[in-house]
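Trainee: Here you go, query.cif (mmCIF, C-alpha atoms):
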data_run
#
loop_
_atom_site.label_atom_id
_atom_site.label_comp_id
_atom_site.auth_asym_id
_atom_site.auth_seq_id
_atom_site.Cartn_x
_atom_site.Cartn_y
_atom_site.Cartn_z
CA MET A 1 170.24 112.81 110.59
CA PHE A 2 168.63 115.91 109.02
CA TYR A 3 165.96 115.94 111.73
CA LYS A 4 168.58 115.76 114.50
CA VAL A 5 170.63 118.60 113.00
CA VAL A 6 167.64 120.92 112.51
CA CYS A 7 166.26 120.15 115.98
CA GLY A 8 169.69 120.61 117.53
CA ILE A 9 169.98 124.07 116.01
CA ALA A 10 166.41 124.94 117.05
CA ARG A 11 167.08 123.78 120.62
CA PHE A 12 170.23 125.86 120.84
CA LEU A 13 168.74 129.03 119.34
CA LEU A 14 165.08 128.93 120.33
CA ARG A 15 164.70 126.92 123.51
CA PRO A 16 165.88 129.83 125.68
CA ARG A 17 162.96 131.82 124.21
CA ILE A 18 160.41 129.35 125.61
CA ARG A 19 159.28 128.91 129.19
CA PHE A 20 158.04 125.37 129.78
CA GLU A 21 155.69 124.61 132.64
CA GLY A 22 154.81 121.07 133.73
CA ARG A 23 157.45 119.29 131.65
CA GLU A 24 157.88 116.82 134.50
CA LEU A 25 154.45 115.44 133.54
CA LEU A 26 155.72 114.28 130.13
CA PRO A 27 156.28 110.50 129.98
CA GLU A 28 159.88 109.75 128.99
CA ASP A 29 159.00 106.81 126.76
CA GLY A 30 156.08 105.13 125.06
CA ALA A 31 153.66 106.30 122.40
CA LEU A 32 152.38 109.86 122.93
CA VAL A 33 149.99 112.18 121.15
CA LEU A 34 150.79 115.81 121.94
CA ILE A 35 147.72 118.02 121.47
CA ALA A 36 147.68 121.80 121.69
CA ASN A 37 145.85 124.94 120.68
CA HIS A 38 146.90 126.47 117.36
CA ARG A 39 147.32 130.23 116.89
CA HIS A 40 150.56 130.65 114.95
CA ALA A 41 152.81 128.84 112.46
CA PHE A 42 155.51 128.58 115.16
CA ASP A 43 153.31 126.49 117.47
CA PRO A 44 154.80 123.17 116.25
CA ILE A 45 158.29 124.43 117.12
CA ALA A 46 157.23 125.39 120.64
CA VAL A 47 155.44 122.08 121.21
CA GLY A 48 158.20 119.99 119.62
CA LEU A 49 160.93 121.53 121.77
CA ALA A 50 159.09 120.45 124.92
CA VAL A 51 160.16 116.83 124.37
CA LYS A 52 163.54 115.20 123.76
CA ARG A 53 162.35 112.64 121.22
CA PRO A 54 161.35 113.29 117.59
CA VAL A 55 157.76 114.42 116.98
CA ALA A 56 155.86 113.64 113.78
CA PHE A 57 153.39 116.49 113.26
CA LEU A 58 150.27 116.31 111.15
CA ALA A 59 150.44 119.21 108.67
CA LYS A 60 147.92 120.40 106.11
CA LYS A 61 148.59 118.91 102.69
CA GLU A 62 148.75 122.39 101.12
CA LEU A 63 152.15 122.89 102.76
CA PHE A 64 153.49 120.00 100.67
CA ALA A 65 152.36 121.47 97.32
CA LYS A 66 155.79 122.86 96.40
CA LYS A 67 158.94 120.78 96.07
CA ILE A 68 161.29 122.45 98.57
CA PRO A 69 158.79 122.87 101.46
CA SER A 70 157.57 119.31 100.83
CA TRP A 71 161.13 117.94 101.00
CA PHE A 72 161.86 119.94 104.17
CA LEU A 73 158.65 118.92 105.96
CA THR A 74 159.07 115.27 104.98
CA LYS A 75 162.62 115.29 106.40
CA LEU A 76 161.15 116.73 109.62
CA LYS A 77 158.82 113.70 109.79
CA CYS A 78 155.65 115.74 109.09
CA ILE A 79 152.64 113.82 107.81
CA PRO A 80 150.49 115.55 105.16
CA ILE A 81 146.77 115.44 105.87
CA ASP A 82 143.74 116.44 103.84
CA ARG A 83 141.68 118.42 106.35
CA ASP A 84 138.56 118.42 104.18
CA ASN A 85 138.22 114.67 103.65
CA MET A 86 138.78 111.41 105.50
CA ASP A 87 142.51 110.95 104.86
CA ARG A 88 143.12 107.25 105.44
CA ALA A 89 146.79 107.44 104.45
CA ALA A 90 147.50 110.15 107.06
CA LEU A 91 145.58 108.22 109.71
CA ARG A 92 147.50 105.04 108.89
CA GLN A 93 150.86 106.87 109.08
CA SER A 94 149.83 108.42 112.41
CA ILE A 95 148.89 105.04 113.86
CA ASP A 96 152.19 103.60 112.59
CA VAL A 97 154.13 106.32 114.46
CA LEU A 98 152.34 105.37 117.67
CA ASP A 99 152.64 101.63 117.09
CA ASP A 100 156.40 102.18 116.86
CA GLY A 101 156.33 103.92 120.26
CA GLY A 102 156.83 107.38 118.74
CA ILE A 103 155.34 110.80 119.34
CA LEU A 104 152.62 112.35 117.20
CA GLY A 105 151.91 116.09 117.32
CA VAL A 106 148.40 117.28 116.47
CA PHE A 107 146.48 120.55 116.65
CA PRO A 108 142.93 119.17 117.00
CA GLU A 109 141.26 122.45 116.05
CA GLY A 110 142.28 121.57 112.49
CA THR A 111 143.37 125.12 111.66
CA ARG A 112 144.81 128.21 113.28
CA SER A 113 142.47 130.30 115.38
CA ALA A 114 142.24 133.79 113.87
CA ASP A 115 141.13 135.49 117.08
CA GLY A 116 143.04 133.31 119.56
CA LYS A 117 139.91 131.67 120.95
CA LEU A 118 139.94 127.90 121.13
CA LEU A 119 138.01 126.33 118.25
CA PRO A 120 135.99 123.10 118.63
CA PHE A 121 138.24 120.04 118.46
CA LYS A 122 137.88 117.55 115.64
CA SER A 123 137.69 113.85 116.50
CA GLY A 124 140.80 112.72 114.58
CA VAL A 125 142.99 112.35 117.67
CA SER A 126 140.33 110.25 119.38
CA PHE A 127 140.09 107.98 116.35
CA ILE A 128 143.87 107.60 116.10
CA ALA A 129 144.20 106.96 119.85
CA SER A 130 141.45 104.34 119.68
CA GLN A 131 143.56 102.38 117.19
CA SER A 132 146.82 102.37 119.14
CA GLU A 133 147.97 102.13 122.74
CA CYS A 134 149.12 105.62 123.56
CA VAL A 135 148.85 108.45 126.04
CA ILE A 136 147.36 111.83 125.11
CA VAL A 137 149.27 114.83 126.45
CA PRO A 138 147.37 118.14 126.51
CA MET A 139 149.46 121.28 126.05
CA ALA A 140 148.77 125.00 125.78
CA VAL A 141 150.89 127.46 123.79
CA GLU A 142 150.85 131.20 124.37
CA GLY A 143 152.79 133.81 122.41
CA SER A 144 154.58 131.69 119.79
CA HIS A 145 154.37 134.71 117.45
CA ARG A 146 157.09 136.21 119.71
CA LEU A 147 159.47 133.27 119.27
CA LEU A 148 161.95 135.07 116.99
CA ASN A 149 161.83 138.40 118.82
CA PRO A 150 164.60 138.40 121.45
CA PHE A 151 163.21 141.57 123.05
CA ALA A 152 159.67 140.27 123.58
CA ALA A 153 158.36 138.17 126.44
CA ARG A 154 159.15 134.49 126.19
CA VAL A 155 156.74 132.00 124.64
CA ARG A 156 154.91 129.91 127.23
CA VAL A 157 154.17 126.21 126.86
CA ARG A 158 152.20 124.50 129.60
CA VAL A 159 151.97 120.70 129.80
CA GLY A 160 148.89 119.11 131.35
CA VAL A 161 148.26 115.74 132.95
CA PRO A 162 148.50 112.95 130.35
CA PHE A 163 145.58 110.56 129.98
CA PRO A 164 144.88 107.38 127.99
CA TYR A 165 142.09 106.77 125.51
CA GLU A 166 139.51 104.78 127.42
CA SER A 167 135.99 103.57 126.77
CA LEU A 168 133.38 103.11 129.48
CA ASP A 169 131.33 99.95 129.98
CA GLY A 170 128.22 100.01 127.82
CA GLU A 171 129.39 103.02 125.86
CA LYS A 172 129.04 102.95 122.07
CA ARG A 173 132.13 103.70 119.98
CA ARG A 174 130.75 107.01 118.72
CA GLN A 175 129.97 108.10 122.28
CA THR A 176 133.51 107.26 123.35
CA LEU A 177 135.00 109.23 120.48
CA GLU A 178 132.84 112.25 121.32
CA ARG A 179 133.58 112.06 125.05
CA MET A 180 137.33 111.68 124.52
CA THR A 181 137.36 114.58 122.03
CA GLN A 182 135.54 116.76 124.55
CA LYS A 183 138.00 115.70 127.27
CA GLN A 184 140.90 116.81 125.05
CA GLU A 185 139.28 120.18 124.33
CA ASP A 186 138.45 120.74 128.00
CA SER A 187 142.01 119.85 129.05
CA VAL A 188 143.61 122.33 126.65
CA ARG A 189 141.06 125.02 127.52
CA LEU A 190 141.81 124.61 131.24
CA LEU A 191 145.55 124.95 130.59
CA LEU A 192 144.96 128.15 128.60
CA GLU A 193 142.81 129.58 131.36
CA GLU A 194 145.57 128.85 133.89
CA MET A 195 148.18 130.77 131.88
#
Output the structure of this file as structure tokens.
Mentor:
Amino acid sequence: MFYKVVCGIARFLLRPRIRFEGRELLPEDGALVLIANHRHAFDPIAVGLAVKRPVAFLAKKELFAKKIPSWFLTKLKCIPIDRDNMDRAALRQSIDVLDDGGILGVFPEGTRSADGKLLPFKSGVSFIASQSECVIVPMAVEGSHRLLNPFAARVRVRVGVPFPYESLDGEKRRQTLERMTQKQEDSVRLLLEEM
């Protein structure tokens, strides 16, 4: 209920501030992993408003350190993750979201880019996707820092062509993870270059 109310308010107030491109490429149902570049704290809002269903975002565990932010983020279905260590609990929760046919939101760079350049992607999405039947949806976000400024240009969110996690014949698991991670990074980079 809380999630629906907050998202309803966000849709009403903020969606007009975002220009979506390629939304017709988004699958209407099934398990999805939304991946995007990460430059600003408002990126999850921009990405989340692209879809009609709830999105469970991975969020750094430090955001859950205080009681009120932790309560708020938990109500918004965010999953705390330790970015410095192998966080099995976060991975398990992420896989559970997908196994239930839900949507997971991840910024594979693992942190915000200080200079706006795309950072190398971490392999977490590839690992999660390898454990669940899902489709990976690349997205690019530009200008989310302008989201609350009604006089600035609108935020742009571009959706790319979704693709499944797939291994090739004779390919070792590690090779598949590396190749799929590179495919994700290349897909987001291409979207950014097209903006």
Trainee: Using all atoms listed in the file, which protein or nucleic acid residues come within 12 Å of Glu194 of chain A? Drop anything in the same chain fewer than 3 positions from it, and give the result as a ChimeraX atom specification.
Mentor: /A:21,139-142,156-160,187-191
Trainee: Run the PyMOL selection byres ((chain A and resi 69-74) around 12) against the file shown and list the residues it catches, as a list in words.
Mentor: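 Against this file, the PyMOL selection byres ((chain A and resi 69-74) around 12) returns the residues Phe2, Tyr3, Val6, Pro44, Val55, Ala56, Phe57, Leu58, Ala59, Lys60, Lys61, Glu62, Leu63, Phe64, Ala65, Lys66, Lys67, Ile68, Lys75, Leu76, Lys77, Cys78, Ile79 and Pro80 of chain A.
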Trainee: Written as JSON, numbers by chain, which residues does the PyMOL selection byres ((chain A and resi 164) around 10) give for the file shown?
Mentor: {"A": [32, 33, 129, 130, 133, 134, 135, 136, 137, 162, 163, 165, 166, 167, 180]}
Trainee: Report as a PyMOL selection string all protein, DNA and RNA residues lying within 9 Å of Asp29 of chain A, evaluated on all atoms listed in the file, omitting residues in the same chain fewer than 4 positions from it.
Mentor: chain A and resi 53+101-102
Trainee: Could you state the separation of atom CA of Ala36 of chain A and atom CA of Asp115 of chain A in Å, given to one decimal place?
Mentor: 15.9 Å
Trainee: I'd like to know which of A:Met86, A:Leu168, A:Leu177, A:Leu148 is closest to Ser123 of chain A, using only C-alpha atoms.
Mentor: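 Of the candidates, the smallest distance to Ser123 of chain A is held by A:Leu177.
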Trainee: Quick one, how far is atom CA of Leu147 of chain A from atom CA of Leu98 of chain A?
Mentor: 28.8 Å
Trainee: To one decimal place in Å, what is the distance between atom CA of Val51 of chain A and atom CA of Ile95 of chain A?
Mentor: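 Straight-line distance from atom CA of Val51 of chain A to atom CA of Ile95 of chain A works out to 19.4 Å.
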Trainee: For a quick check of understanding, using all atoms listed in the file, which of A:Gln184, A:Glu171, A:Val161, A:Phe151 has the smallest distance to Phe121 of chain A?
Mentor: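 Smallest distance to Phe121 of chain A is found for A:Gln184.
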Trainee: Write out as a VMD selection string which residues come within 12 Å of Pro150 of chain A when counting only C-alpha atoms, dropping same-chain ones fewer than 2 positions away.
Mentor: chain A and resid 13 to 18 145 to 148 152 to 155
Trainee: Could you please take those selected residues and save C-alpha atoms as a compact mmCIF listing (two decimals), keeping the file's coordinate frame?
Mentor:
# COMPACT_ATOMS: atom_id res chain seq x y z
CA LEU A 13 168.74 129.03 119.34
CA LEU A 14 165.08 128.93 120.33
CA ARG A 15 164.70 126.92 123.51
CA PRO A 16 165.88 129.83 125.68
CA ARG A 17 162.96 131.82 124.21
CA ILE A 18 160.41 129.35 125.61
CA HIS A 145 154.37 134.71 117.45
CA ARG A 146 157.09 136.21 119.71
CA LEU A 147 159.47 133.27 119.27
CA LEU A 148 161.95 135.07 116.99
CA ALA A 152 159.67 140.27 123.58
CA ALA A 153 158.36 138.17 126.44
CA ARG A 154 159.15 134.49 126.19
CA VAL A 155 156.74 132.00 124.64
Trainee: Of the residues A:Glu193, A:Asp169, A:Asp43, A:Glu24, which is the one nearest to Val106 of chain A, using only C-alpha atoms?
Mentor: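 Ranking A:Glu193, A:Asp169, A:Asp43, A:Glu24 by distance to Val106 of chain A, first place goes to A:Asp43.
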Trainee: May I ask which of the residues A:Gly124, A:Gly22, A:Gly8, A:Gly143 is the closest one to Asn37 of chain A, counting all atoms listed in the file?
Mentor: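 Using all atoms listed in the file, the shortest distance to Asn37 of chain A belongs to A:Gly143.
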Trainee: From the list A:Ile81, A:Leu25, A:Cys7, A:Val125, which residue is nearest Ala46 of chain A when using only C-alpha atoms?
Mentor: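 So, comparing all the options, the nearest one is A:Cys7.
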Trainee: Could you pull segment 19-171 of chain A out of the structure I just pasted and write it to a file containing C-alpha atoms, as an mmCIF file, in the first residue's frame?
Mentor:
data_model
loop_
_atom_site.group_PDB
_atom_site.id
_atom_site.type_symbol
_atom_site.label_atom_id
_atom_site.label_comp_id
_atom_site.auth_asym_id
_atom_site.auth_seq_id
_atom_site.Cartn_x
_atom_site.Cartn_y
_atom_site.Cartn_z
ATOM 1 C CA ARG A 19 11.067 11.994 -21.420
ATOM 2 C CA PHE A 20 11.022 8.253 -22.030
ATOM 3 C CA GLU A 21 12.364 6.816 -25.258
ATOM 4 C CA GLY A 22 11.880 3.179 -26.281
ATOM 5 C CA ARG A 23 9.334 2.296 -23.595
ATOM 6 C CA GLU A 24 7.576 0.090 -26.133
ATOM 7 C CA LEU A 25 10.553 -2.287 -25.818
ATOM 8 C CA LEU A 26 9.753 -3.017 -22.150
ATOM 9 C CA PRO A 27 8.123 -6.432 -21.649
ATOM 10 C CA GLU A 28 4.764 -6.038 -19.897
ATOM 11 C CA ASP A 29 5.171 -9.114 -17.715
ATOM 12 C CA GLY A 30 7.736 -11.618 -16.553
ATOM 13 C CA ALA A 31 10.912 -11.269 -14.523
ATOM 14 C CA LEU A 32 13.060 -8.276 -15.520
ATOM 15 C CA VAL A 33 16.366 -6.810 -14.425
ATOM 16 C CA LEU A 34 16.546 -3.110 -15.256
ATOM 17 C CA ILE A 35 20.165 -1.953 -15.566
ATOM 18 C CA ALA A 36 21.296 1.637 -16.025
ATOM 19 C CA ASN A 37 24.163 4.052 -15.606
ATOM 20 C CA HIS A 38 24.356 5.816 -12.249
ATOM 21 C CA ARG A 39 25.206 9.521 -11.932
ATOM 22 C CA HIS A 40 22.740 10.911 -9.403
ATOM 23 C CA ALA A 41 20.638 9.879 -6.403
ATOM 24 C CA PHE A 42 17.467 10.476 -8.461
ATOM 25 C CA ASP A 43 18.393 7.816 -11.040
ATOM 26 C CA PRO A 44 16.258 5.113 -9.340
ATOM 27 C CA ILE A 45 13.210 7.388 -9.553
ATOM 28 C CA ALA A 46 13.735 7.993 -13.271
ATOM 29 C CA VAL A 47 14.274 4.289 -13.979
ATOM 30 C CA GLY A 48 11.423 3.148 -11.737
ATOM 31 C CA LEU A 49 8.896 5.464 -13.368
ATOM 32 C CA ALA A 50 9.594 3.875 -16.761
ATOM 33 C CA VAL A 51 7.626 0.763 -15.776
ATOM 34 C CA LYS A 52 4.131 0.256 -14.382
ATOM 35 C CA ARG A 53 5.003 -2.561 -11.987
ATOM 36 C CA PRO A 54 6.908 -2.266 -8.687
ATOM 37 C CA VAL A 55 10.710 -2.293 -8.898
ATOM 38 C CA ALA A 56 12.924 -3.636 -6.108
ATOM 39 C CA PHE A 57 16.194 -1.690 -6.291
ATOM 40 C CA LEU A 58 19.488 -2.828 -4.850
ATOM 41 C CA ALA A 59 20.739 -0.030 -2.582
ATOM 42 C CA LYS A 60 23.993 0.321 -0.673
ATOM 43 C CA LYS A 61 23.646 -0.903 2.901
ATOM 44 C CA GLU A 62 24.884 2.448 4.253
ATOM 45 C CA LEU A 63 21.531 3.984 3.316
ATOM 46 C CA PHE A 64 19.862 1.635 5.810
ATOM 47 C CA ALA A 65 22.067 2.678 8.765
ATOM 48 C CA LYS A 66 19.495 5.053 10.272
ATOM 49 C CA LYS A 67 16.018 4.042 11.367
ATOM 50 C CA ILE A 68 13.797 6.363 9.305
ATOM 51 C CA PRO A 69 15.634 6.006 5.948
ATOM 52 C CA SER A 70 15.829 2.239 6.537
ATOM 53 C CA TRP A 71 12.069 2.031 7.182
ATOM 54 C CA PHE A 72 11.313 4.171 4.113
ATOM 55 C CA LEU A 73 13.606 2.217 1.768
ATOM 56 C CA THR A 74 12.320 -1.122 3.042
ATOM 57 C CA LYS A 75 8.731 -0.009 2.383
ATOM 58 C CA LEU A 76 9.834 0.921 -1.157
ATOM 59 C CA LYS A 77 11.055 -2.679 -1.613
ATOM 60 C CA CYS A 78 14.758 -1.717 -1.704
ATOM 61 C CA ILE A 79 17.251 -4.477 -0.951
ATOM 62 C CA PRO A 80 20.341 -3.507 1.093
ATOM 63 C CA ILE A 81 23.610 -4.754 -0.356
ATOM 64 C CA ASP A 82 27.166 -4.744 0.945
ATOM 65 C CA ARG A 83 29.138 -3.488 -2.059
ATOM 66 C CA ASP A 84 32.502 -4.460 -0.574
ATOM 67 C CA ASN A 85 31.789 -8.133 0.106
ATOM 68 C CA MET A 86 29.899 -11.053 -1.385
ATOM 69 C CA ASP A 87 26.429 -10.344 0.038
ATOM 70 C CA ARG A 88 24.618 -13.675 -0.173
ATOM 71 C CA ALA A 89 21.479 -12.362 1.535
ATOM 72 C CA ALA A 90 21.083 -9.562 -1.039
ATOM 73 C CA LEU A 91 21.714 -11.979 -3.903
ATOM 74 C CA ARG A 92 19.139 -14.412 -2.508
ATOM 75 C CA GLN A 93 16.535 -11.634 -2.122
ATOM 76 C CA SER A 94 17.243 -10.466 -5.676
ATOM 77 C CA ILE A 95 16.788 -13.966 -7.075
ATOM 78 C CA ASP A 96 13.557 -14.325 -5.069
ATOM 79 C CA VAL A 97 12.184 -11.132 -6.666
ATOM 80 C CA LEU A 98 12.866 -12.568 -10.111
ATOM 81 C CA ASP A 99 11.587 -16.046 -9.253
ATOM 82 C CA ASP A 100 8.303 -14.363 -8.288
ATOM 83 C CA GLY A 101 8.164 -12.713 -11.737
ATOM 84 C CA GLY A 102 9.075 -9.276 -10.368
ATOM 85 C CA ILE A 103 11.365 -6.473 -11.470
ATOM 86 C CA LEU A 104 14.817 -5.853 -10.030
ATOM 87 C CA GLY A 105 16.582 -2.508 -10.527
ATOM 88 C CA VAL A 106 20.385 -2.463 -10.496
ATOM 89 C CA PHE A 107 23.111 0.054 -11.264
ATOM 90 C CA PRO A 108 25.918 -2.348 -12.247
ATOM 91 C CA GLU A 109 28.665 0.251 -11.868
ATOM 92 C CA GLY A 110 28.214 -0.280 -8.132
ATOM 93 C CA THR A 111 28.455 3.420 -7.321
ATOM 94 C CA ARG A 112 27.702 6.818 -8.798
ATOM 95 C CA SER A 113 30.055 8.084 -11.459
ATOM 96 C CA ALA A 114 31.650 11.336 -10.252
ATOM 97 C CA ASP A 115 32.508 12.618 -13.723
ATOM 98 C CA GLY A 116 29.542 11.147 -15.612
ATOM 99 C CA LYS A 117 31.654 8.625 -17.512
ATOM 100 C CA LEU A 118 30.445 5.043 -17.441
ATOM 101 C CA LEU A 119 32.387 2.943 -14.927
ATOM 102 C CA PRO A 120 33.203 -0.745 -15.513
ATOM 103 C CA PHE A 121 30.229 -2.965 -14.686
ATOM 104 C CA LYS A 122 30.418 -5.452 -11.850
ATOM 105 C CA SER A 123 29.289 -9.034 -12.505
ATOM 106 C CA GLY A 124 26.473 -9.151 -9.922
ATOM 107 C CA VAL A 125 23.656 -8.821 -12.466
ATOM 108 C CA SER A 126 25.132 -11.627 -14.544
ATOM 109 C CA PHE A 127 25.318 -13.873 -11.490
ATOM 110 C CA ILE A 128 21.747 -13.072 -10.454
ATOM 111 C CA ALA A 129 20.446 -13.567 -14.008
ATOM 112 C CA SER A 130 22.246 -16.902 -14.236
ATOM 113 C CA GLN A 131 20.230 -18.129 -11.249
ATOM 114 C CA SER A 132 16.778 -17.124 -12.491
ATOM 115 C CA GLU A 133 14.860 -16.986 -15.754
ATOM 116 C CA CYS A 134 14.676 -13.304 -16.541
ATOM 117 C CA VAL A 135 15.248 -10.686 -19.191
ATOM 118 C CA ILE A 136 17.855 -7.940 -18.808
ATOM 119 C CA VAL A 137 16.695 -4.486 -19.909
ATOM 120 C CA PRO A 138 19.447 -1.927 -20.562
ATOM 121 C CA MET A 139 18.559 1.701 -19.884
ATOM 122 C CA ALA A 140 20.377 5.028 -19.996
ATOM 123 C CA VAL A 141 19.577 8.014 -17.775
ATOM 124 C CA GLU A 142 20.619 11.556 -18.586
ATOM 125 C CA GLY A 143 20.025 14.633 -16.431
ATOM 126 C CA SER A 144 18.284 13.161 -13.379
ATOM 127 C CA HIS A 145 19.887 15.960 -11.317
ATOM 128 C CA ARG A 146 17.332 18.239 -13.071
ATOM 129 C CA LEU A 147 14.328 16.169 -11.960
ATOM 130 C CA LEU A 148 13.057 18.637 -9.343
ATOM 131 C CA ASN A 149 13.781 21.781 -11.367
ATOM 132 C CA PRO A 150 10.642 22.641 -13.369
ATOM 133 C CA PHE A 151 12.550 25.230 -15.413
ATOM 134 C CA ALA A 152 15.340 22.909 -16.570
ATOM 135 C CA ALA A 153 15.303 20.512 -19.503
ATOM 136 C CA ARG A 154 13.513 17.253 -18.863
ATOM 137 C CA VAL A 155 15.333 14.143 -17.693
ATOM 138 C CA ARG A 156 15.843 11.601 -20.465
ATOM 139 C CA VAL A 157 15.498 7.845 -20.017
ATOM 140 C CA ARG A 158 16.221 5.625 -22.996
ATOM 141 C CA VAL A 159 15.250 1.939 -22.997
ATOM 142 C CA GLY A 160 17.295 -0.522 -25.039
ATOM 143 C CA VAL A 161 16.516 -3.912 -26.519
ATOM 144 C CA PRO A 162 16.005 -6.504 -23.759
ATOM 145 C CA PHE A 163 18.080 -9.683 -23.843
ATOM 146 C CA PRO A 164 18.194 -12.931 -21.844
ATOM 147 C CA TYR A 165 21.134 -14.373 -19.954
ATOM 148 C CA GLU A 166 22.525 -17.055 -22.227
ATOM 149 C CA SER A 167 25.561 -19.299 -22.237
ATOM 150 C CA LEU A 168 27.265 -20.533 -25.385
ATOM 151 C CA ASP A 169 28.111 -24.166 -26.095
ATOM 152 C CA GLY A 170 31.482 -25.079 -24.632
ATOM 153 C CA GLU A 171 31.722 -21.856 -22.658
#
